[in-house]
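Colleague: File upload.pdb below, PDB, C-alpha atoms:
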MODEL        1
ATOM      1  CA  MET A   1      16.703 194.907-345.284
ATOM      2  CA  SER A   2      16.144 193.814-348.810
ATOM      3  CA  LYS A   3      13.431 191.429-349.863
ATOM      4  CA  LYS A   4      14.327 187.829-350.437
ATOM      5  CA  ARG A   5      14.425 187.026-354.140
ATOM      6  CA  LYS A   6      12.017 184.460-355.461
ATOM      7  CA  THR A   7      13.386 181.273-356.936
ATOM      8  CA  ARG A   8      12.374 180.089-360.373
ATOM      9  CA  SER A   9      10.054 177.443-358.971
ATOM     10  CA  GLN A  10       8.334 180.044-356.747
ATOM     11  CA  LYS A  11       7.819 182.296-359.778
ATOM     12  CA  ILE A  12       6.304 179.419-361.764
ATOM     13  CA  ILE A  13       3.967 178.537-358.900
ATOM     14  CA  ALA A  14       2.859 182.175-358.587
ATOM     15  CA  ALA A  15       2.206 182.384-362.335
ATOM     16  CA  THR A  16       0.057 179.238-362.320
ATOM     17  CA  ARG A  17      -1.856 180.593-359.322
ATOM     18  CA  ARG A  18      -2.565 183.821-361.200
ATOM     19  CA  ASN A  19      -3.703 181.871-364.251
ATOM     20  CA  ASN A  20      -6.015 179.714-362.175
ATOM     21  CA  LEU A  21      -7.512 182.805-360.529
ATOM     22  CA  SER A  22      -8.170 184.425-363.892
ATOM     23  CA  ASN A  23      -9.878 181.223-365.080
ATOM     24  CA  ILE A  24     -12.064 181.185-361.992
ATOM     25  CA  THR A  25     -13.057 184.836-362.391
ATOM     26  CA  GLU A  26     -14.078 184.084-365.987
ATOM     27  CA  ILE A  27     -16.255 181.176-364.858
ATOM     28  CA  LEU A  28     -17.890 182.878-361.868
ATOM     29  CA  PRO A  29     -19.829 185.623-363.717
ATOM     30  CA  SER A  30     -21.540 182.970-365.818
ATOM     31  CA  LEU A  31     -22.957 181.339-362.684
ATOM     32  CA  SER A  32     -26.186 182.828-361.473
ATOM     33  CA  ILE A  33     -27.098 182.364-357.854
ATOM     34  CA  GLU A  34     -30.557 183.219-356.638
ATOM     35  CA  TYR A  35     -30.895 184.288-353.061
ATOM     36  CA  PRO A  36     -34.127 183.731-351.147
ATOM     37  CA  ALA A  37     -36.245 186.777-350.408
ATOM     38  CA  GLN A  38     -35.397 188.259-347.052
ATOM     39  CA  ALA A  39     -37.906 189.539-344.563
ATOM     40  CA  ASN A  40     -38.088 193.279-344.084
ATOM     41  CA  HIS A  41     -37.464 193.209-340.353
ATOM     42  CA  ALA A  42     -34.381 194.803-338.885
ATOM     43  CA  ILE A  43     -31.626 192.609-337.617
ATOM     44  CA  GLU A  44     -31.299 192.951-333.869
ATOM     45  CA  PRO A  45     -27.835 192.578-332.352
ATOM     46  CA  LYS A  46     -27.513 189.627-330.065
ATOM     47  CA  THR A  47     -26.719 190.497-326.487
ATOM     48  CA  TYR A  48     -25.011 187.958-324.342
ATOM     49  CA  ALA A  49     -25.166 187.984-320.592
ATOM     50  CA  LYS A  50     -21.631 188.334-319.373
ATOM     51  CA  THR A  51     -21.067 185.872-316.598
ATOM     52  CA  TYR A  52     -17.764 185.839-314.839
ATOM     53  CA  ALA A  53     -18.112 182.599-312.909
ATOM     54  CA  TYR A  54     -14.449 181.770-313.393
ATOM     55  CA  VAL A  55     -13.408 184.920-311.503
ATOM     56  CA  LEU A  56     -14.768 183.600-308.218
ATOM     57  CA  GLN A  57     -12.937 180.297-308.679
ATOM     58  CA  ASP A  58      -9.690 182.088-309.544
ATOM     59  CA  ALA A  59     -10.083 184.403-306.543
ATOM     60  CA  ARG A  60     -10.558 181.401-304.243
ATOM     61  CA  LYS A  61      -7.456 179.675-305.586
ATOM     62  CA  THR A  62      -5.412 182.864-305.315
ATOM     63  CA  PHE A  63      -6.594 183.480-301.742
ATOM     64  CA  LEU A  64      -5.735 179.888-300.831
ATOM     65  CA  VAL A  65      -2.213 180.095-302.253
ATOM     66  CA  ILE A  66      -1.512 183.486-300.663
ATOM     67  CA  SER A  67      -2.827 182.340-297.266
ATOM     68  CA  ILE A  68      -0.680 179.186-297.369
ATOM     69  CA  ILE A  69       2.422 181.219-298.195
ATOM     70  CA  ALA A  70       1.665 183.733-295.422
ATOM     71  CA  ALA A  71       1.036 180.927-292.896
ATOM     72  CA  LEU A  72       4.311 179.221-293.792
ATOM     73  CA  ASN A  73       6.170 182.529-293.401
ATOM     74  CA  ILE A  74       4.650 183.110-289.959
ATOM     75  CA  ILE A  75       5.390 179.539-288.846
ATOM     76  CA  LEU A  76       8.989 179.782-290.069
ATOM     77  CA  PHE A  77       9.392 183.143-288.310
ATOM     78  CA  LEU A  78       8.079 181.708-285.015
ATOM     79  CA  ILE A  79      10.313 178.645-285.272
ATOM     80  CA  LEU A  80      13.352 180.858-285.807
ATOM     81  CA  LYS A  81      12.226 183.345-283.126
ATOM     82  CA  LEU A  82      11.843 180.632-280.473
ATOM     83  CA  LYS A  83      15.234 179.230-281.526
ATOM     84  CA  VAL A  84      13.832 175.769-282.164
ATOM     85  CA  ILE A  85      15.960 175.602-285.292
ATOM     86  CA  ASN A  86      19.099 177.628-285.921
ATOM     87  CA  LEU A  87      19.610 178.244-289.629
ATOM     88  CA  PHE A  88      22.955 179.702-290.615
ATOM     89  CA  GLY A  89      23.209 181.653-287.357
ATOM     90  CA  LEU A  90      20.194 183.852-288.087
ATOM     91  CA  VAL A  91      18.946 185.729-285.037
ATOM     92  CA  PHE A  92      15.463 187.292-284.824
TER      93      PHE A  92
ENDMDL
END
Could you quickly redo this structure as structure tokens?
Modeller:
Amino acid sequence: MSKKRKTRSQKIIAATRRNNLSNITEILPSLSIEYPAQANHAIEPKTYAKTYAYVLQDARKTFLVISIIAALNIILFLILKLKVINLFGLVF
């Protein structure tokens, strides 16, 4: 696939952006920023305790949904097995 051609207005906008960037780069070297003296101690990586509290909640919800589905399947099977309801002539 070929690249989409830029329209005239897009080219003008890109040119002004480039000009503005060159103006900024000319201004920035003249600014002098002084940074505070840093301590000579090493930076220690932060360690976070990984807690997976949400896993237990998700496991409970999943177990609940699966147990409800299994219970409904067993109840439906027993109802059809005892011929309390006859659905579409199904025989178990």
Colleague: Interatomic distance between CA of Lys61 (chain A) and CA of Ile75 (chain A)?
Modeller: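 Separation of CA of Lys61 (chain A) and CA of Ile75 (chain A): 21.1 Å.
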Colleague: What is the CA of Leu87 (chain A) to CA of Leu64 (chain A) distance in Å?
Modeller: 27.8 Å
Colleague: CA of Leu82 (chain A) and CA of Ile66 (chain A) are how many Å apart?
Modeller: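 That distance, rounded to one decimal, is 24.4 Å.
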Colleague: May I have the residues at most 12 Å from (11.4, 175.7, -285.7) in the file's coordinates, counting all atoms listed in the file, as an MDAnalysis selection string?
Modeller: chainID A and resid 72:87
Colleague: As JSON, what would the box around region 48-52 of chain A look like: edges along x, y and z, 8 Å added on every side, centre and edge lengths in Å to one decimal?
Modeller:
{"center_x": -21.5, "center_y": 187.1, "center_z": -319.6, "size_x": 23.4, "size_y": 18.5, "size_z": 25.5}
